[in-house]
$ cat target20.cif   # mmCIF, C-alpha atoms
data_start
#
loop_
_atom_site.label_atom_id
_atom_site.label_comp_id
_atom_site.auth_asym_id
_atom_site.auth_seq_id
_atom_site.Cartn_x
_atom_site.Cartn_y
_atom_site.Cartn_z
CA MET A 211 134.71 84.34 28.68
CA VAL A 212 132.90 81.92 30.99
CA PRO A 213 129.58 83.42 32.23
CA ARG A 214 129.48 84.24 35.96
CA LEU A 215 126.00 83.44 37.21
CA SER A 216 124.30 82.87 40.54
CA THR A 217 122.31 79.72 41.10
CA SER A 218 119.02 81.55 40.57
CA GLU A 219 120.35 83.16 37.37
CA ARG A 220 121.53 79.77 36.12
CA ASN A 221 118.18 78.18 36.84
CA ALA A 222 116.48 80.95 34.88
CA ILE A 223 118.25 79.92 31.64
CA SER A 224 115.66 78.57 29.24
CA SER A 225 116.76 75.30 27.56
CA PRO A 226 120.48 75.47 28.42
CA ALA A 227 122.67 73.87 25.73
CA ASN A 228 124.37 70.54 26.31
CA GLY A 229 127.96 71.26 27.41
CA LEU A 230 127.29 74.86 28.53
CA LEU A 231 129.98 75.90 31.02
CA ILE A 232 129.39 78.57 33.67
CA PHE A 233 131.03 79.74 36.90
CA ASN A 234 128.43 79.56 39.68
CA LYS A 235 129.30 82.48 41.94
CA SER A 236 126.78 81.30 44.56
CA ILE A 237 128.91 78.25 45.33
CA GLY A 238 132.28 79.36 43.90
CA CYS A 239 132.57 76.50 41.42
CA PHE A 240 132.39 75.73 37.70
CA GLU A 241 129.35 73.85 36.48
CA PHE A 242 128.48 72.32 33.11
CA ARG A 243 125.29 71.14 31.51
CA ALA A 244 125.18 67.51 30.46
CA ALA A 245 122.52 65.84 28.38
CA ALA A 246 120.80 62.67 29.51
CA GLY A 247 123.14 59.72 29.23
CA THR A 248 124.20 56.51 30.86
CA THR A 249 124.72 58.07 34.33
CA ASN A 250 121.74 60.40 34.35
CA THR A 251 118.22 60.01 33.09
CA ALA A 252 117.59 63.69 32.40
CA ASP A 253 119.51 66.79 31.46
CA ALA A 254 121.33 68.11 34.57
CA TRP A 255 123.94 70.52 35.82
CA TYR A 256 127.15 68.99 37.10
CA SER A 257 129.55 70.54 39.55
CA ALA A 258 133.19 70.58 38.58
CA CYS A 259 133.96 70.54 42.32
CA THR A 260 132.03 67.39 43.23
CA GLY A 261 131.25 65.80 39.92
CA ALA A 262 127.73 65.15 41.16
CA ALA A 263 124.58 65.93 39.25
CA CYS A 264 122.57 68.83 40.69
CA THR A 265 119.00 67.95 41.61
CA ALA A 266 116.24 70.26 42.80
CA VAL A 267 115.41 70.57 46.51
CA ALA A 268 112.12 69.11 47.70
CA ILE A 269 110.89 69.27 51.30
CA THR A 270 109.62 65.90 52.47
CA GLY A 271 109.10 66.64 56.20
CA GLN A 272 107.71 69.94 57.46
CA PRO A 273 108.57 71.52 60.86
CA VAL A 274 105.77 71.04 63.39
CA GLY A 275 104.59 73.65 65.91
CA GLY A 276 101.38 74.35 67.81
CA GLY A 277 100.37 74.50 71.45
CA THR A 278 101.93 76.16 74.46
CA THR A 279 105.04 74.80 76.07
CA CYS A 280 107.44 75.64 78.90
CA SER A 281 110.25 73.53 77.39
CA PRO A 282 110.23 73.69 73.57
CA THR A 283 111.43 70.64 71.64
CA PRO A 284 113.55 70.93 68.47
CA MET A 285 111.85 71.66 65.16
CA SER A 286 113.25 69.85 62.14
CA VAL A 287 112.92 69.73 58.37
CA THR A 288 113.77 66.94 55.96
CA ALA A 289 114.42 67.46 52.27
CA THR A 290 115.89 65.81 49.17
CA GLY A 291 118.06 67.27 46.45
CA THR A 292 121.45 68.86 46.30
CA ILE A 293 121.38 70.77 49.63
CA SER A 294 124.01 73.32 50.53
CA GLY A 295 122.52 74.79 53.72
CA TYR A 296 119.58 75.88 55.84
CA GLN A 297 118.31 79.20 57.21
CA TRP A 298 115.60 79.37 59.87
CA GLN A 299 113.39 82.43 60.26
CA LYS A 300 111.16 83.73 63.06
CA ASP A 301 108.26 85.86 61.86
CA ASN A 302 109.94 86.02 58.41
CA VAL A 303 113.22 87.39 59.79
CA ASP A 304 116.46 85.37 59.65
CA ILE A 305 117.63 83.93 62.98
CA PRO A 306 121.41 84.42 63.25
CA GLY A 307 123.26 81.13 63.50
CA ALA A 308 120.17 78.98 62.89
CA THR A 309 121.62 77.15 59.88
CA ASN A 310 121.02 73.48 60.64
CA ALA A 311 118.21 71.10 59.76
CA THR A 312 116.94 71.40 63.37
CA TYR A 313 116.23 74.44 65.52
CA THR A 314 114.86 74.80 69.07
CA PRO A 315 112.76 77.97 69.53
CA SER A 316 113.04 79.93 72.76
CA VAL A 317 110.31 82.54 72.30
CA THR A 318 106.79 82.65 70.88
CA GLY A 319 106.61 83.11 67.11
CA SER A 320 106.03 81.67 63.65
CA TYR A 321 108.98 79.64 62.37
CA ARG A 322 109.96 78.44 58.90
CA VAL A 323 113.17 77.32 57.18
CA PHE A 324 114.78 77.86 53.79
CA VAL A 325 116.45 74.75 52.44
CA ILE A 326 119.21 76.05 50.17
CA GLY A 327 120.21 73.92 47.17
CA LEU A 328 122.68 74.13 44.32
CA CYS A 329 119.79 73.91 41.90
CA GLY A 330 117.41 76.18 43.80
CA SER A 331 115.93 76.52 47.28
CA ALA A 332 112.65 75.53 48.91
CA THR A 333 110.72 77.13 51.78
CA SER A 334 108.97 75.11 54.46
CA ASN A 335 105.53 75.74 55.85
CA ALA A 336 105.33 78.11 58.83
CA ALA A 337 105.01 76.43 62.23
CA ALA A 338 103.61 78.53 65.11
CA ILE A 339 104.60 77.88 68.71
CA THR A 340 103.80 79.61 71.97
CA VAL A 341 106.62 79.49 74.49
CA SER A 342 105.68 80.16 78.12
CA SER A 343 108.21 81.05 80.80
CA ALA A 344 108.30 81.05 84.57
CA PRO A 345 108.73 84.39 86.38
CA THR A 346 112.34 85.49 86.62
CA ILE A 347 113.72 88.10 89.02
CA THR A 348 115.51 90.87 87.10
CA GLN A 349 116.13 93.29 89.98
CA ASN A 350 116.70 92.63 93.67
CA PRO A 351 115.98 95.28 96.31
CA SER A 352 118.95 96.94 97.97
CA ASP A 353 119.56 97.51 101.67
CA VAL A 354 118.34 100.91 102.89
CA THR A 355 119.75 103.05 105.70
CA ILE A 356 117.54 105.91 106.89
CA ASN A 357 117.37 108.63 109.51
CA VAL A 358 114.53 107.45 111.74
CA GLU A 359 112.84 110.83 112.15
CA ASN A 360 112.65 112.31 108.67
CA GLU A 361 113.32 109.79 105.92
CA THR A 362 111.27 107.23 103.99
CA ALA A 363 112.61 103.80 103.02
CA THR A 364 111.80 102.32 99.60
CA PHE A 365 112.54 98.78 98.43
CA THR A 366 112.16 97.94 94.74
CA GLY A 367 112.25 94.65 92.84
CA ALA A 368 111.44 93.66 89.26
CA ALA A 369 110.63 90.50 87.32
CA THR A 370 109.70 89.23 83.87
CA GLY A 371 107.76 86.19 82.74
CA SER A 372 104.80 84.92 80.78
CA GLY A 373 101.24 85.51 81.81
CA THR A 374 100.14 88.01 84.45
CA LEU A 375 102.60 88.76 87.24
CA SER A 376 101.42 89.51 90.78
CA TYR A 377 103.50 90.86 93.64
CA GLN A 378 103.54 90.44 97.42
CA TRP A 379 106.09 91.90 99.82
CA GLU A 380 107.07 89.86 102.86
CA ILE A 381 108.76 90.79 106.14
CA SER A 382 111.07 88.86 108.46
CA ARG A 383 111.58 89.93 112.05
CA ASN A 384 114.04 87.11 112.82
CA SER A 385 116.87 87.57 110.31
CA GLY A 386 115.17 85.56 107.57
CA ALA A 387 114.20 82.50 109.62
CA SER A 388 110.52 83.03 108.82
CA TRP A 389 108.50 85.33 106.57
CA SER A 390 104.98 86.76 106.54
CA ASN A 391 102.99 88.90 104.11
CA VAL A 392 102.62 92.63 104.69
CA SER A 393 99.71 94.82 103.66
CA ASP A 394 99.22 98.54 103.24
CA GLY A 395 98.71 100.41 106.50
CA TRP A 396 100.27 100.72 109.95
CA GLY A 397 101.35 98.10 112.42
CA TYR A 398 104.56 96.40 111.32
CA GLY A 399 106.80 97.79 114.02
CA ALA A 400 108.10 96.36 117.26
CA ASN A 401 105.11 97.69 119.24
CA ASN A 402 102.31 97.61 116.70
CA GLU A 403 99.40 99.05 118.65
CA ILE A 404 101.47 101.34 120.84
CA ASP A 405 103.80 102.93 118.31
CA HIS A 406 101.75 102.41 115.16
CA ALA A 407 105.16 102.30 113.59
CA MET A 408 106.30 101.30 110.11
CA VAL A 409 103.37 102.32 107.95
CA LEU A 410 103.63 100.51 104.61
CA SER A 411 102.32 101.25 101.13
CA GLY A 412 102.79 99.45 97.82
CA SER A 413 102.73 96.01 99.44
CA THR A 414 101.38 94.36 96.24
CA THR A 415 103.47 96.36 93.76
CA PRO A 416 107.15 96.14 92.75
CA SER A 417 108.03 99.01 95.15
CA LEU A 418 107.40 99.02 98.91
CA THR A 419 107.47 102.32 100.81
CA ILE A 420 107.90 102.48 104.59
CA LYS A 421 107.36 105.54 106.78
CA TRP A 422 107.52 106.37 110.51
CA ILE A 423 110.42 104.08 111.22
CA THR A 424 111.89 103.86 114.71
CA THR A 425 115.26 102.54 115.81
CA GLY A 426 113.46 99.42 117.03
CA GLU A 427 112.99 98.42 113.38
CA ASP A 428 116.73 98.19 112.65
CA GLY A 429 117.49 94.87 111.00
CA ARG A 430 114.00 94.20 109.57
CA MET A 431 114.29 92.23 106.32
CA PHE A 432 112.03 92.50 103.27
CA ARG A 433 111.70 90.45 100.10
CA LEU A 434 109.35 90.46 97.09
CA LYS A 435 107.41 87.36 96.05
CA VAL A 436 106.46 87.25 92.34
CA THR A 437 103.79 84.85 91.10
CA SER A 438 102.77 84.27 87.47
CA THR A 439 99.68 82.78 85.84
CA SER A 440 102.12 80.74 83.75
CA THR A 441 102.21 77.02 84.56
CA CYS A 442 105.99 76.92 84.21
CA THR A 443 108.20 76.38 87.24
CA PRO A 444 109.63 77.72 89.48
CA ASN A 445 106.59 79.75 90.40
CA PRO A 446 106.50 81.81 92.61
CA VAL A 447 110.02 83.25 92.80
CA TYR A 448 111.58 85.53 95.42
CA THR A 449 114.05 88.39 95.37
CA THR A 450 117.04 88.21 97.63
CA PRO A 451 116.18 89.84 100.99
CA ALA A 452 117.04 93.46 101.70
CA THR A 453 117.65 94.85 105.18
CA LEU A 454 116.40 98.06 106.75
CA HIS A 455 119.01 99.90 108.81
CA THR A 456 118.43 102.95 110.99
CA THR A 457 120.88 105.64 112.03
CA ASN A 458 121.08 109.11 113.56
CA SER A 459 118.49 108.45 116.24
CA PRO A 460 118.05 111.68 118.19
CA THR A 461 118.03 111.93 121.96
CA TYR A 462 114.37 112.61 122.74
CA ILE A 463 113.40 115.25 125.26
CA VAL A 464 109.82 114.02 124.89
CA ASN A 465 108.91 110.59 123.53
CA SER A 466 105.23 109.96 124.20
CA ASN A 467 103.01 107.10 123.09
CA LEU A 468 99.58 108.58 123.78
CA CYS A 469 97.91 105.22 124.23
CA GLY A 470 95.02 105.61 126.62
CA GLY A 471 96.53 108.46 128.66
CA LEU A 472 98.12 111.87 128.32
CA SER A 473 101.35 110.86 130.12
CA GLY A 474 102.63 114.35 130.94
CA TRP A 475 100.39 116.22 128.50
CA SER A 476 97.44 118.47 129.34
CA SER A 477 94.23 118.95 127.41
CA THR A 478 91.28 121.25 126.79
CA GLY A 479 88.04 120.56 124.97
CA PRO A 480 86.80 117.09 123.99
CA VAL A 481 89.69 114.66 124.46
CA SER A 482 89.74 111.02 125.55
CA GLY A 483 92.08 108.04 125.34
CA SER A 484 91.60 104.56 123.99
CA THR A 485 93.61 101.39 124.45
CA GLY A 486 91.78 99.70 121.60
CA ASN A 487 92.93 99.34 118.04
CA PRO A 488 93.94 101.91 116.96
CA CYS A 489 95.42 102.94 120.28
CA GLY A 490 95.88 106.66 120.85
CA MET A 491 94.33 109.90 122.08
CA TYR A 492 91.06 110.96 120.44
CA LEU A 493 90.82 114.73 120.01
CA ASN A 494 87.12 114.75 119.18
CA PRO A 495 85.33 111.86 120.90
CA THR A 496 82.11 113.87 121.38
CA ASN A 497 81.68 114.79 117.71
CA SER A 498 82.21 118.47 118.48
CA SER A 499 82.73 121.08 115.80
CA SER A 500 85.54 122.65 117.84
CA GLY A 501 87.51 119.48 118.60
CA GLY A 502 90.05 119.07 121.38
CA VAL A 503 93.58 120.19 122.22
CA VAL A 504 96.55 118.47 123.87
CA TYR A 505 99.59 120.51 124.89
CA ARG A 506 102.81 120.33 126.88
CA ASP A 507 105.30 122.93 128.12
CA VAL A 508 108.95 122.00 127.63
CA THR A 509 112.17 123.65 128.75
CA THR A 510 114.15 125.06 125.82
CA VAL A 511 117.34 127.04 125.26
CA ILE A 512 116.95 130.36 123.47
CA GLY A 513 118.61 130.18 120.06
CA GLN A 514 118.66 126.35 120.00
CA SER A 515 116.99 124.46 117.12
CA TYR A 516 114.37 121.79 117.95
CA THR A 517 112.09 119.40 116.06
CA PHE A 518 108.58 118.36 117.10
CA SER A 519 107.25 115.18 115.40
CA THR A 520 103.72 113.84 115.64
CA ARG A 521 101.89 110.99 114.05
CA ILE A 522 98.18 111.70 113.69
CA LEU A 523 95.29 110.07 111.86
CA VAL A 524 92.75 112.59 110.63
CA SER A 525 89.68 110.65 109.56
CA GLY A 526 86.98 113.31 109.22
CA PHE A 527 86.14 115.02 105.96
CA ALA A 528 87.25 118.66 105.66
CA ARG A 529 89.25 118.29 108.85
CA ALA A 530 92.85 119.08 109.62
CA VAL A 531 94.96 119.18 112.76
CA SER A 532 97.31 122.01 113.66
CA VAL A 533 100.74 121.16 115.10
CA ARG A 534 102.35 124.24 116.65
CA ALA A 535 105.05 125.59 118.93
CA TYR A 536 104.32 128.72 121.02
CA ASN A 537 106.28 131.32 122.93
CA GLY A 538 103.48 132.50 125.18
CA ALA A 539 100.67 133.44 122.81
CA THR A 540 102.99 133.78 119.82
CA ILE A 541 103.17 130.98 117.27
CA ILE A 542 106.83 130.33 116.42
CA ALA A 543 106.24 127.23 114.26
CA ASN A 544 103.11 125.96 112.55
CA GLY A 545 102.33 122.68 110.76
CA THR A 546 99.18 121.01 109.45
CA ASN A 547 98.34 117.32 109.47
CA THR A 548 95.78 115.82 107.08
CA GLY A 549 95.09 112.17 106.40
CA ASP A 550 97.38 109.66 108.06
CA SER A 551 100.84 111.15 108.21
CA LEU A 552 103.85 112.16 110.23
CA THR A 553 104.05 115.91 110.72
CA GLN A 554 107.26 117.67 111.76
CA ILE A 555 107.94 121.26 112.65
CA THR A 556 111.45 122.58 113.26
CA PHE A 557 112.03 125.88 115.02
CA THR A 558 114.54 127.96 116.97
CA ALA A 559 113.49 128.57 120.55
CA THR A 560 112.81 132.18 121.52
CA SER A 561 112.15 131.54 125.22
CA THR A 562 113.17 129.19 128.00
CA THR A 563 109.73 127.57 127.95
CA THR A 564 108.02 126.49 124.73
CA ARG A 565 104.50 125.10 124.46
CA LEU A 566 103.95 122.17 122.11
CA ARG A 567 100.33 122.00 120.94
CA ILE A 568 98.26 119.56 118.85
CA ALA A 569 94.68 120.65 118.14
CA ASP A 570 91.74 119.40 116.11
CA ASP A 571 90.71 122.97 115.34
CA LEU A 572 90.85 123.31 111.55
CA GLY A 573 87.79 122.75 109.35
CA SER A 574 84.10 122.58 110.19
CA SER A 575 83.26 118.89 109.91
CA THR A 576 81.91 117.20 113.02
CA ASN A 577 82.64 113.55 112.21
CA ALA A 578 83.28 111.47 115.30
CA PHE A 579 86.91 110.82 116.21
CA ASP A 580 88.15 113.47 113.81
CA ALA A 581 91.75 113.03 114.93
CA ILE A 582 93.75 110.40 116.79
CA VAL A 583 97.18 111.30 118.13
CA PHE A 584 99.45 108.27 118.38
CA VAL A 585 103.00 109.48 118.98
CA ALA A 586 104.54 112.84 119.93
CA ARG A 587 108.33 113.26 119.98
CA PHE A 588 110.49 116.29 120.65
CA PHE A 589 114.25 116.53 120.32
CA GLN A 590 117.11 118.98 120.02
CA ASN A 591 118.78 119.30 116.61
#
$ encode --input "target20.cif" --output "structure tokens"
Amino acid sequence: MVPRLSTSERNAISSPANGLLIFNKSIGCFEFRAAAGTTNTADAWYSACTGAACTAVAITGQPVGGGTTCSPTPMSVTATGTISGYQWQKDNVDIPGATNATYTPSVTGSYRVFVIGLCGSATSNAAAITVSSAPTITQNPSDVTINVENETATFTGAATGSGTLSYQWEISRNSGASWSNVSDGWGYGANNEIDHAMVLSGSTTPSLTIKWITTGEDGRMFRLKVTSTSTCTPNPVYTTPATLHTTNSPTYIVNSNLCGGLSGWSSTGPVSGSTGNPCGMYLNPTNSSSGGVVYRDVTTVIGQSYTFSTRILVSGFARAVSVRAYNGATIIANGTNTGDSLTQITFTATSTTTRLRIADDLGSSTNAFDAIVFVARFFQN
């Protein structure tokens, strides 16, 4: 029976006899050993398929790596001997389909190649290469439709790329004709100082959050700019724009911008207006421990549901502002505002007249300008 051996098993035979016949299962062919003669200068294995003498593989040109590149060039290997194939590896793991004498890397790693021969294989030196890439958008923000009084809009984008990625959200007020950066804080609405609308957060992160949106902001467009420390281009890149839509705007019974005046409201205690920036009604301009109160009586229908919305900045430590609805001396709805936020209370009227009240009366701190009321809105549900 003819021995069935792999190439490595055949090569392991010590002093194979002249004329030895085997079936090489690595290449699916018979081979025989021939002594040195007129056509060969040394003992060699011959393939019954090709008739050629089998010579060992020797690498004569190593693959070259090194450096950082945005556009990798092909790596190549040159070798002599009876070659039957190639297999490239990245970090010592075979790369599927990389079976030619050349290979173009696409990611950072250490690359080498096996040169496979009928009489044995050879392994090249490892060649390291660092591949840099430009930022690439992987997620675009989607359009958002919100109820203007009680919902928050969030736009989210994502990107990949080499180096450190940085983010900057941009806004367009003219349907994408021009763009400008946004930053965290208030003042991106139609009437910045008056409404203090569209307060933004996350302006330099992948997600932008927008609060206190009015119907005047319908159609605002937002996009995310992503910049990388990589030198590859394009850099920066932009998401496709997303549009903010508003809906379900209530019919306001009261819609007050308290910018420099009470405009139908009454007050007790230390209260004064300012038309500066920020523009609103200070509830504690005299640094009093008791603060001030603004209030307004509105006509209501018994059994009807109403919502009272206020935007207030509370800047003093240990301070809070109460937002309440009264039937006479009885509190029928109670809310608390801390920080810079929109506070809403919803209640069912128990009388034909309801008092809406905003007061800087919680906490003991006496920091100046403990509360600034910007907007007060009241509507029927």
$ atom_distance --input "target20.cif" --atom1 "CA of Arg383 in chain A" --atom2 "CA of Lys435 in chain A"
16.7 Å
$ residues_around --input "target20.cif" --residues "Val447 in chain A" --least-positions-apart "6" --cutoff "9 Å" --atoms "only C-alpha atoms" --output "MDAnalysis selection string"
chainID A and resid 344:347 434:437
$ closest_residue --input "target20.cif" --among "A:Ser519, A:Thr450, A:Thr364, A:Thr496" --to "Val464 in chain A" --atoms "only C-alpha atoms"
A:Ser519
$ residues_around --input "target20.cif" --residues "Ala559 in chain A" --least-positions-apart "3" --cutoff "9 Å" --atoms "only C-alpha atoms" --output "list in words"
Thr510, Val511, Ile512, Gly513, Gln514, Ser515, Tyr516, Asn537, Ile542, Thr562, Thr563 and Thr564 of chain A
$ resolve_selection --input "target20.cif" --expression "the PyMOL selection byres ((chain A and resi 470) around 12)" --output "MDAnalysis selection string"
chainID A and resid 403:404 466:469 471:473 481:492 582:585
$ atom_distance --input "target20.cif" --atom1 "CA of Gly479 in chain A" --atom2 "CA of Gly501 in chain A"
6.5 Å
